[in-house]
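Read the structure below first, then the notes.
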Amino acid sequence: MRNRPSPVLYVFCAVLAVVVLAPFAWLVISSVSPSSELTAGTLWPDHPTLERYRDIFTSSSGGDNVAGTFRLAMLNSLIVASCTTIISLVVGSLGGYAFARLRFRFRRTTLFAFLAIYMLPPIALVIPLYLAMANLQLLDTKLGLIVTYCSIVTPFCLWTMSNFYLSLPVELEDAARVDGCSRLGALLRVVLPLARPGIVATAMFGFLLAWDEFLYSLIFTSTTNAKTIPVAIAEFTGKFSSDFGLVAAGGVLAALPPVLLALLFQRYIVSGLTAGSVKG
């Protein structure tokens, strides 16, 4: 007879769900609360309003209108994060396979060097990256941010995909090569389909790295041409006053794309994380 889960487990899961979801629920409540009720401490406002969301999506983006600027920042973040993820994932998938399957001198040393670069604090690279972007005339451009973010996300993709490939049986590739496939053909026809969970999980976390990055975007951008969501939310706080409701609305909108991606691909993310942790 199959053992039923203990009631204690259900209680623990319920408490964990409340702890995880309560901050986001309060963020949503704050975003629809009038300014007069933000500090009242009520669980739900007496007069909820969607005025802040309307301002974000309908206000003009010129001048000091931070709500309209946030709309452009959302588009910039989507473009920068998507392009960064695609480039880093392609490089990470091919490079990770080379590190996992090919044997060459300094293979592990090179892989650990990429990991060391990923682990460096961003502030340590600000000055050289800023000078490089200035010399290439890429400051305040989305292309400049994409190049910068790739230096962060690509090492992560390389390391993650390399570990995931190590969890796949090499005999399947050998069988494909016996049947006439080249190494590249075996990679495209056999390995990548099997690695789909790892690819989705890596893409998800790479997208989050680029989506949430704040320091480089703050320093390398100055106008709405390339300003991203984290910087736009920071600008909701003025010198003498802060619109906390607008900050909450921006936080809700900033959280929606990652949450939706996680819900759509949760099956691949869970299987990718568990399979990729078998070897390393």
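By order in the structure tokens, chains are A, B, ...; within a chain, residues start at 1; ligands start at 1, following the order shown.
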Residues of segment 9-34 of chain A that have any atom at most 7 Å from an atom of segment 249-256 of chain A: could you tabulate them with the shortest-distance atom pair and the distance in Å to one decimal, using only C-alpha atoms, ordered by chain and increasing number, as JSON lines?
{"residue": "A:Leu27", "atom": "CA", "partner": "A:Val252", "partner_atom": "CA", "distance": 6.8}
{"residue": "A:Val28", "atom": "CA", "partner": "A:Val252", "partner_atom": "CA", "distance": 6.4}
{"residue": "A:Ser31", "atom": "CA", "partner": "A:Ala249", "partner_atom": "CA", "distance": 4.6}
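Among A:Ile199, A:Val178, A:Leu111, A:Leu194, the residue with the shortest atom-to-atom distance to Val90 of chain A, counting only C-alpha atoms, is A:Ile199.
In this comparison, which uses only C-alpha atoms, the residue of A:Leu215, A:Leu209, A:Ala248, A:Leu16 approaching Ile127 of chain A most closely is A:Leu215.
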Across A:Leu129, A:Leu94, A:Ile152, A:Leu138, the smallest distance to Ile117 of chain A, with only C-alpha atoms counted, is shown by A:Ile152
Among segment 181-270 of chain A, which residues carry a DSSP assignment of alpha helix (DSSP H), reported as a ChimeraX atom specification?
/A:183-186,192-194,196-212,215-220,229-234,244-264,266-270
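Between Gly68 of chain A and the candidates A:Phe12, A:Trp44, A:Phe220, A:Phe236, the tightest atom-to-atom separation, counting only C-alpha atoms, involves A:Phe236.
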To one decimal place, how far is atom CA of Thr224 of chain A from atom CA of Leu261 of chain A in Å?
25.6 Å
